[in-house]
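*Asks:* Got a structure for you, start05.cif, holding mmCIF, C-alpha atoms, pLDDT in the B column; chains and numbers go by the auth columns.
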data_target
#
loop_
_atom_site.group_PDB
_atom_site.id
_atom_site.type_symbol
_atom_site.label_atom_id
_atom_site.label_comp_id
_atom_site.label_asym_id
_atom_site.label_seq_id
_atom_site.Cartn_x
_atom_site.Cartn_y
_atom_site.Cartn_z
_atom_site.B_iso_or_equiv
_atom_site.auth_seq_id
_atom_site.auth_asym_id
ATOM 1 C CA ARG A 1 -13.765 -43.447 56.504 54.00 16 J
ATOM 2 C CA LEU A 2 -11.037 -44.830 54.273 56.00 17 J
ATOM 3 C CA THR A 3 -8.260 -42.462 53.286 64.00 18 J
ATOM 4 C CA THR A 4 -5.155 -44.194 51.908 76.00 19 J
ATOM 5 C CA PRO A 5 -5.738 -46.747 49.149 82.00 20 J
ATOM 6 C CA PRO A 6 -3.700 -49.909 48.574 83.00 21 J
ATOM 7 C CA GLY A 7 -1.450 -50.207 45.521 88.00 22 J
ATOM 8 C CA GLY A 8 -4.156 -52.086 43.656 91.00 23 J
ATOM 9 C CA ALA A 9 -7.355 -54.068 44.018 92.00 24 J
ATOM 10 C CA ARG A 10 -9.618 -56.405 42.058 91.00 25 J
ATOM 11 C CA TRP A 11 -13.268 -57.462 42.082 89.00 26 J
ATOM 12 C CA THR A 12 -15.208 -60.278 40.479 90.00 27 J
ATOM 13 C CA HIS A 13 -18.875 -59.550 39.711 81.00 28 J
ATOM 14 C CA THR A 14 -21.134 -62.591 39.738 81.00 29 J
ATOM 15 C CA ASP A 15 -24.783 -61.522 40.049 76.00 30 J
ATOM 16 C CA ALA A 16 -26.332 -59.326 37.334 73.00 31 J
ATOM 17 C CA ARG A 17 -23.308 -59.810 35.091 80.00 32 J
ATOM 18 C CA ALA A 18 -20.112 -61.790 34.837 87.00 33 J
ATOM 19 C CA ALA A 19 -17.310 -59.248 35.133 89.00 34 J
ATOM 20 C CA PHE A 20 -13.825 -58.637 36.404 93.00 35 J
ATOM 21 C CA GLU A 21 -12.325 -55.294 37.440 95.00 36 J
ATOM 22 C CA VAL A 22 -8.779 -54.388 38.348 97.00 37 J
ATOM 23 C CA VAL A 23 -7.553 -50.967 39.509 97.00 38 J
ATOM 24 C CA PHE A 24 -4.223 -49.444 40.485 97.00 39 J
ATOM 25 C CA PHE A 25 -3.884 -46.425 42.781 96.00 40 J
ATOM 26 C CA LYS A 26 -1.137 -43.846 42.422 96.00 41 J
ATOM 27 C CA ALA A 27 -0.579 -41.018 44.899 95.00 42 J
ATOM 28 C CA LEU A 28 -0.379 -37.587 43.272 95.00 43 J
ATOM 29 C CA SER A 29 0.586 -34.264 44.819 95.00 44 J
ATOM 30 C CA ALA A 30 -3.075 -33.167 44.675 94.00 45 J
ATOM 31 C CA GLY A 31 -4.831 -36.523 45.275 94.00 46 J
ATOM 32 C CA TYR A 32 -4.872 -39.941 43.607 96.00 47 J
ATOM 33 C CA LEU A 33 -5.008 -41.468 40.144 97.00 48 J
ATOM 34 C CA LEU A 34 -7.183 -44.564 39.804 97.00 49 J
ATOM 35 C CA SER A 35 -6.307 -46.524 36.645 98.00 50 J
ATOM 36 C CA GLY A 36 -8.468 -49.523 35.968 97.00 51 J
ATOM 37 C CA HIS A 37 -10.295 -51.783 33.590 97.00 52 J
ATOM 38 C CA ILE A 38 -13.605 -53.655 33.643 94.00 53 J
ATOM 39 C CA THR A 39 -14.536 -56.480 31.281 94.00 54 J
ATOM 40 C CA ALA A 40 -18.031 -57.928 31.361 91.00 55 J
ATOM 41 C CA HIS A 41 -20.682 -60.143 29.867 89.00 56 J
ATOM 42 C CA GLU A 42 -24.227 -59.008 30.649 82.00 57 J
ATOM 43 C CA SER A 43 -27.270 -60.603 29.004 81.00 58 J
ATOM 44 C CA CYS A 44 -26.079 -60.944 25.394 82.00 59 J
ATOM 45 C CA ALA A 45 -23.653 -58.023 25.491 87.00 60 J
ATOM 46 C CA LEU A 46 -19.883 -58.080 25.878 92.00 61 J
ATOM 47 C CA TRP A 47 -17.984 -54.902 26.725 92.00 62 J
ATOM 48 C CA SER A 48 -14.774 -53.569 28.149 95.00 63 J
ATOM 49 C CA VAL A 49 -14.097 -50.177 29.767 96.00 64 J
ATOM 50 C CA GLY A 50 -10.715 -48.733 30.697 97.00 65 J
ATOM 51 C CA TYR A 51 -10.506 -45.639 32.865 97.00 66 J
ATOM 52 C CA ASP A 52 -8.241 -43.109 34.534 98.00 67 J
ATOM 53 C CA VAL A 53 -9.986 -41.189 37.308 98.00 68 J
ATOM 54 C CA THR A 54 -8.209 -38.377 39.136 98.00 69 J
ATOM 55 C CA VAL A 55 -9.557 -37.485 42.572 96.00 70 J
ATOM 56 C CA ASP A 56 -8.392 -34.773 44.941 95.00 71 J
ATOM 57 C CA HIS A 57 -7.329 -35.429 48.548 92.00 72 J
ATOM 58 C CA ALA A 58 -11.003 -35.229 49.617 91.00 73 J
ATOM 59 C CA TRP A 59 -11.808 -38.033 47.116 94.00 74 J
ATOM 60 C CA LYS A 60 -13.854 -35.721 44.871 95.00 75 J
ATOM 61 C CA THR A 61 -13.570 -36.496 41.164 97.00 76 J
ATOM 62 C CA VAL A 62 -11.505 -33.962 39.241 97.00 77 J
ATOM 63 C CA ALA A 63 -10.946 -35.571 35.823 98.00 78 J
ATOM 64 C CA VAL A 64 -11.865 -38.737 33.943 98.00 79 J
ATOM 65 C CA HIS A 65 -10.623 -40.334 30.758 98.00 80 J
ATOM 66 C CA ALA A 66 -12.327 -43.527 29.639 97.00 81 J
ATOM 67 C CA SER A 67 -12.413 -45.757 26.599 97.00 82 J
ATOM 68 C CA ASN A 68 -14.618 -48.699 25.768 96.00 83 J
ATOM 69 C CA VAL A 69 -14.835 -51.578 23.315 96.00 84 J
ATOM 70 C CA THR A 70 -18.167 -53.162 22.380 94.00 85 J
ATOM 71 C CA ALA A 71 -19.539 -55.086 19.401 92.00 86 J
ATOM 72 C CA GLU A 72 -20.457 -51.687 17.924 92.00 87 J
ATOM 73 C CA GLY A 73 -16.866 -50.399 18.088 94.00 88 J
ATOM 74 C CA LYS A 74 -14.685 -48.215 20.282 97.00 89 J
ATOM 75 C CA GLY A 75 -15.450 -45.015 22.168 96.00 90 J
ATOM 76 C CA GLU A 76 -13.707 -42.398 24.302 98.00 91 J
ATOM 77 C CA LEU A 77 -14.826 -39.978 27.005 98.00 92 J
ATOM 78 C CA THR A 78 -13.238 -37.009 28.718 98.00 93 J
ATOM 79 C CA LEU A 79 -15.088 -35.696 31.742 98.00 94 J
ATOM 80 C CA SER A 80 -14.050 -33.093 34.285 97.00 95 J
ATOM 81 C CA ARG A 81 -15.359 -31.262 37.343 96.00 96 J
ATOM 82 C CA ASP A 82 -14.076 -27.781 38.124 93.00 97 J
ATOM 83 C CA SER A 83 -13.488 -26.287 41.583 88.00 98 J
ATOM 84 C CA ASP A 84 -16.965 -24.683 41.489 90.00 99 J
ATOM 85 C CA GLY A 85 -18.600 -28.101 40.909 90.00 100 J
ATOM 86 C CA GLY A 86 -19.378 -27.610 37.221 95.00 101 J
ATOM 87 C CA TRP A 87 -18.939 -30.615 34.920 98.00 102 J
ATOM 88 C CA THR A 88 -17.948 -30.846 31.279 97.00 103 J
ATOM 89 C CA ALA A 89 -18.037 -33.869 28.957 97.00 104 J
ATOM 90 C CA HIS A 90 -15.805 -33.567 25.886 96.00 105 J
ATOM 91 C CA GLY A 91 -15.420 -29.882 26.832 95.00 106 J
ATOM 92 C CA GLU A 92 -19.195 -29.222 26.756 97.00 107 J
ATOM 93 C CA PRO A 93 -20.919 -27.979 29.945 97.00 108 J
ATOM 94 C CA ARG A 94 -23.196 -30.524 31.669 98.00 109 J
ATOM 95 C CA PRO A 95 -25.222 -28.455 34.185 97.00 110 J
ATOM 96 C CA GLU A 96 -27.483 -31.423 35.045 97.00 111 J
ATOM 97 C CA LEU A 97 -24.451 -32.922 36.838 97.00 112 J
ATOM 98 C CA ASP A 98 -24.062 -29.945 39.211 94.00 113 J
ATOM 99 C CA GLY A 99 -23.948 -31.175 42.803 93.00 114 J
ATOM 100 C CA CYS A 100 -22.299 -34.469 41.855 96.00 115 J
ATOM 101 C CA LEU A 101 -18.873 -34.989 43.425 96.00 116 J
ATOM 102 C CA ASP A 102 -18.198 -38.454 42.027 96.00 117 J
ATOM 103 C CA VAL A 103 -18.000 -40.308 38.763 97.00 118 J
ATOM 104 C CA ASP A 104 -19.573 -43.764 38.821 95.00 119 J
ATOM 105 C CA PHE A 105 -18.881 -46.242 36.026 94.00 120 J
ATOM 106 C CA GLU A 106 -21.529 -48.829 35.273 88.00 121 J
ATOM 107 C CA SER A 107 -20.421 -52.091 36.893 80.00 122 J
ATOM 108 C CA SER A 108 -17.411 -50.551 38.626 89.00 123 J
ATOM 109 C CA ALA A 109 -16.855 -51.506 42.230 88.00 124 J
ATOM 110 C CA VAL A 110 -14.071 -48.970 42.758 91.00 125 J
ATOM 111 C CA THR A 111 -16.069 -45.904 41.714 92.00 126 J
ATOM 112 C CA ASN A 112 -18.774 -46.956 44.179 89.00 127 J
ATOM 113 C CA THR A 113 -16.176 -46.530 46.932 89.00 128 J
ATOM 114 C CA LEU A 114 -15.415 -42.851 46.228 93.00 129 J
ATOM 115 C CA PRO A 115 -18.026 -41.495 48.695 92.00 130 J
ATOM 116 C CA LEU A 116 -16.955 -44.138 51.232 89.00 131 J
ATOM 117 C CA HIS A 117 -13.463 -42.625 51.274 88.00 132 J
ATOM 118 C CA ARG A 118 -14.815 -39.106 51.702 89.00 133 J
ATOM 119 C CA LEU A 119 -17.804 -39.234 54.047 91.00 134 J
ATOM 120 C CA ASP A 120 -18.249 -40.056 57.720 90.00 135 J
ATOM 121 C CA PHE A 121 -21.230 -42.408 57.801 93.00 136 J
ATOM 122 C CA ILE A 122 -23.435 -43.059 60.825 92.00 137 J
ATOM 123 C CA GLU A 123 -24.910 -46.517 61.151 93.00 138 J
ATOM 124 C CA GLY A 124 -28.520 -46.597 59.920 94.00 139 J
ATOM 125 C CA VAL A 125 -28.471 -43.084 58.412 96.00 140 J
ATOM 126 C CA GLY A 126 -28.758 -42.859 54.616 95.00 141 J
ATOM 127 C CA VAL A 127 -26.648 -40.341 52.716 96.00 142 J
ATOM 128 C CA ASP A 128 -27.558 -39.081 49.242 95.00 143 J
ATOM 129 C CA VAL A 129 -24.545 -38.978 46.942 95.00 144 J
ATOM 130 C CA PRO A 130 -25.539 -38.208 43.348 96.00 145 J
ATOM 131 C CA ALA A 131 -22.921 -39.089 40.743 96.00 146 J
ATOM 132 C CA ALA A 132 -21.998 -38.516 37.117 97.00 147 J
ATOM 133 C CA PHE A 133 -22.877 -42.008 35.870 96.00 148 J
ATOM 134 C CA VAL A 134 -21.047 -43.401 32.831 97.00 149 J
ATOM 135 C CA ARG A 135 -22.785 -46.172 30.883 94.00 150 J
ATOM 136 C CA ALA A 136 -20.506 -48.972 29.692 92.00 151 J
ATOM 137 C CA ASP A 137 -22.015 -49.586 26.263 90.00 152 J
ATOM 138 C CA ASP A 138 -21.628 -46.085 24.797 94.00 153 J
ATOM 139 C CA LEU A 139 -19.939 -44.003 27.556 96.00 154 J
ATOM 140 C CA ARG A 140 -22.942 -41.669 27.768 96.00 155 J
ATOM 141 C CA VAL A 141 -23.034 -39.649 30.968 97.00 156 J
ATOM 142 C CA GLU A 142 -26.159 -39.057 33.038 96.00 157 J
ATOM 143 C CA ARG A 143 -26.995 -37.963 36.556 96.00 158 J
ATOM 144 C CA LEU A 144 -27.421 -40.860 38.978 96.00 159 J
ATOM 145 C CA GLU A 145 -29.364 -40.304 42.190 95.00 160 J
ATOM 146 C CA GLN A 146 -28.104 -42.788 44.758 94.00 161 J
ATOM 147 C CA ARG A 147 -28.071 -43.351 48.494 95.00 162 J
ATOM 148 C CA TYR A 148 -25.704 -45.254 50.766 94.00 163 J
ATOM 149 C CA THR A 149 -26.688 -46.419 54.244 95.00 164 J
ATOM 150 C CA LEU A 150 -24.103 -47.872 56.620 95.00 165 J
ATOM 151 C CA ILE A 151 -25.544 -51.123 57.960 95.00 166 J
ATOM 152 C CA ASP A 152 -22.608 -52.465 59.968 92.00 167 J
ATOM 153 C CA ALA A 153 -19.029 -51.344 60.591 89.00 168 J
ATOM 154 C CA GLY A 154 -17.327 -54.390 62.053 87.00 169 J
ATOM 155 C CA PRO A 155 -13.594 -54.939 62.555 86.00 170 J
ATOM 156 C CA LYS A 156 -13.247 -57.046 59.376 85.00 171 J
ATOM 157 C CA GLN A 157 -16.152 -55.871 57.246 86.00 172 J
ATOM 158 C CA ILE A 158 -18.073 -52.728 56.436 87.00 173 J
ATOM 159 C CA LEU A 159 -21.562 -53.332 55.070 91.00 174 J
ATOM 160 C CA PHE A 160 -23.594 -50.734 53.165 92.00 175 J
ATOM 161 C CA HIS A 161 -27.074 -50.756 51.673 92.00 176 J
ATOM 162 C CA TYR A 162 -27.159 -49.150 48.217 90.00 177 J
ATOM 163 C CA GLU A 163 -30.234 -47.805 46.496 91.00 178 J
ATOM 164 C CA SER A 164 -30.925 -45.798 43.359 88.00 179 J
ATOM 165 C CA SER A 165 -34.169 -44.821 41.647 80.00 180 J
ATOM 166 C CA THR A 166 -32.362 -45.442 38.339 73.00 181 J
ATOM 167 C CA PHE A 167 -32.194 -49.174 39.067 65.00 182 J
ATOM 168 C CA GLU A 168 -35.598 -49.822 40.647 58.00 183 J
#
For the file at hand, write its structure as structure tokens.
*Replies:*
Amino acid sequence: RLTTPPGGARWTHTDARAAFEVVFFKALSAGYLLSGHITAHESCALWSVGYDVTVDHAWKTVAVHASNVTAEGKGELTLSRDSDGGWTAHGEPRPELDGCLDVDFESSAVTNTLPLHRLDFIEGVGVDVPAAFVRADDLRVERLEQRYTLIDAGPKQILFHYESSTFE
């Protein structure tokens, strides 16, 4: 399990899309602030998403602010999870997200790591970690059923298998 993040990180996406993501981590009294940006070209679409994600010390999402830019214009999203696990988007309750502890931005590598910071994985055993999934093109939020399975935890690399019925 990973607990203390570096000052910043970056990823280059090269398979389904051409994208670049950068994120900065700031320690807070109650957790961490992840401030980042993703720019991408996928099929014929270009988009950019900026985000601030606040997580508590257990790496559970507490609050999200995001903005995007696409050919259709600009958008904004506010999303939060209360201590009872209830989610709101733009202040409106989203009960279909109950049970989700994480936000997951489309094409974000860093938000895929949130459960990796929080959970103790056992090699070969899959763990279901549903998330509040934010689409890049219009910042719509939907429930994402996903599973992570630790394949190998070597000294220099940790390898996971990811699966989701949303992307089959």
*Asks:* One number please: atom CA of J:Ser180 to atom CA of J:Leu159, in Å, one decimal.
*Replies:* 8.3 Å
*Asks:* Calculate how many Å separate atom CA of J:Thr126 from atom CA of J:His80, rounding to one decimal.
*Replies:* 13.4 Å
*Asks:* Kindly indicate which residue among J:Arg32, J:His132, J:Arg96, J:Lys89 lies nearest to J:Gly65, using all atoms listed in the file for the distances.
*Replies:*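 When distances to J:Gly65 are compared using all atoms listed in the file, the smallest one comes from J:Lys89.
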*Asks:* Run the PyMOL selection byres ((chain J and resi 160) around 8) mentally over the shown coordinates, then write out the matched residues as a PyMOL selection string, using the chain letters and numbers from the document.
*Replies:* chain J and resi 143-146+158-159+161-162+179-181
*Asks:* Of the residues J:His105, J:Cys59, J:Thr54, J:Asp152, which is the one nearest to J:Gly90, using all atoms listed in the file?
*Replies:*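 Among the listed residues, the smallest separation from J:Gly90 belongs to J:Asp152.
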*Asks:* Which centre and edge lengths in Å to one decimal define the box along x, y and z that fits every listed atom of stretch 133-146 of chain J plus 3 Å per side, as lines of an AutoDock Vina configuration file?
*Replies:*
center_x = -21.8
center_y = -42.4
center_z = 50.9
size_x = 19.9
size_y = 14.4
size_z = 26.4
*Asks:* Which residues match the PyMOL selection byres ((chain J and resi 130) around 9) in the file above, as a PyMOL selection string?
*Replies:* chain J and resi 74-75+116-117+126-129+131-134+144+163
*Asks:* Assuming the input is short of atoms at stretch 69-85 of chain J, produce N, CA and C atoms for that part as a compact mmCIF listing (two decimals), keeping the file's coordinate frame.
*Replies:*
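Once everything was written out, this is out_4.txt:
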# COMPACT_ATOMS: atom_id res chain seq x y z
N THR J 69 -9.00 -39.17 38.20
CA THR J 69 -8.21 -38.38 39.14
C THR J 69 -9.15 -37.81 40.19
N VAL J 70 -8.80 -38.04 41.45
CA VAL J 70 -9.56 -37.48 42.57
C VAL J 70 -8.62 -36.60 43.39
N ASP J 71 -9.21 -35.62 44.07
CA ASP J 71 -8.39 -34.77 44.94
C ASP J 71 -8.22 -35.47 46.30
N HIS J 72 -7.56 -34.81 47.24
CA HIS J 72 -7.33 -35.43 48.55
C HIS J 72 -8.62 -35.68 49.33
N ALA J 73 -9.70 -35.00 48.97
CA ALA J 73 -11.00 -35.23 49.62
C ALA J 73 -11.80 -36.31 48.88
N TRP J 74 -11.19 -36.97 47.91
CA TRP J 74 -11.81 -38.03 47.12
C TRP J 74 -12.96 -37.53 46.25
N LYS J 75 -12.89 -36.27 45.83
CA LYS J 75 -13.85 -35.72 44.87
C LYS J 75 -13.24 -35.87 43.48
N THR J 76 -14.05 -36.32 42.53
CA THR J 76 -13.57 -36.50 41.16
C THR J 76 -13.18 -35.15 40.57
N VAL J 77 -12.01 -35.15 39.92
CA VAL J 77 -11.50 -33.96 39.24
C VAL J 77 -11.53 -34.16 37.73
N ALA J 78 -11.04 -35.31 37.26
CA ALA J 78 -10.95 -35.57 35.82
C ALA J 78 -11.09 -37.06 35.54
N VAL J 79 -11.63 -37.35 34.36
CA VAL J 79 -11.86 -38.74 33.94
C VAL J 79 -11.49 -38.87 32.47
N HIS J 80 -10.79 -39.93 32.15
CA HIS J 80 -10.62 -40.33 30.76
C HIS J 80 -11.00 -41.80 30.70
N ALA J 81 -11.88 -42.14 29.76
CA ALA J 81 -12.33 -43.53 29.64
C ALA J 81 -12.39 -43.92 28.17
N SER J 82 -12.23 -45.21 27.94
CA SER J 82 -12.41 -45.76 26.60
C SER J 82 -13.15 -47.08 26.75
N ASN J 83 -13.91 -47.43 25.71
CA ASN J 83 -14.62 -48.70 25.77
C ASN J 83 -14.48 -49.43 24.44
N VAL J 84 -14.77 -50.73 24.49
CA VAL J 84 -14.84 -51.58 23.32
C VAL J 84 -16.10 -52.41 23.46
N THR J 85 -16.95 -52.36 22.43
CA THR J 85 -18.17 -53.16 22.38
C THR J 85 -18.27 -53.76 20.99
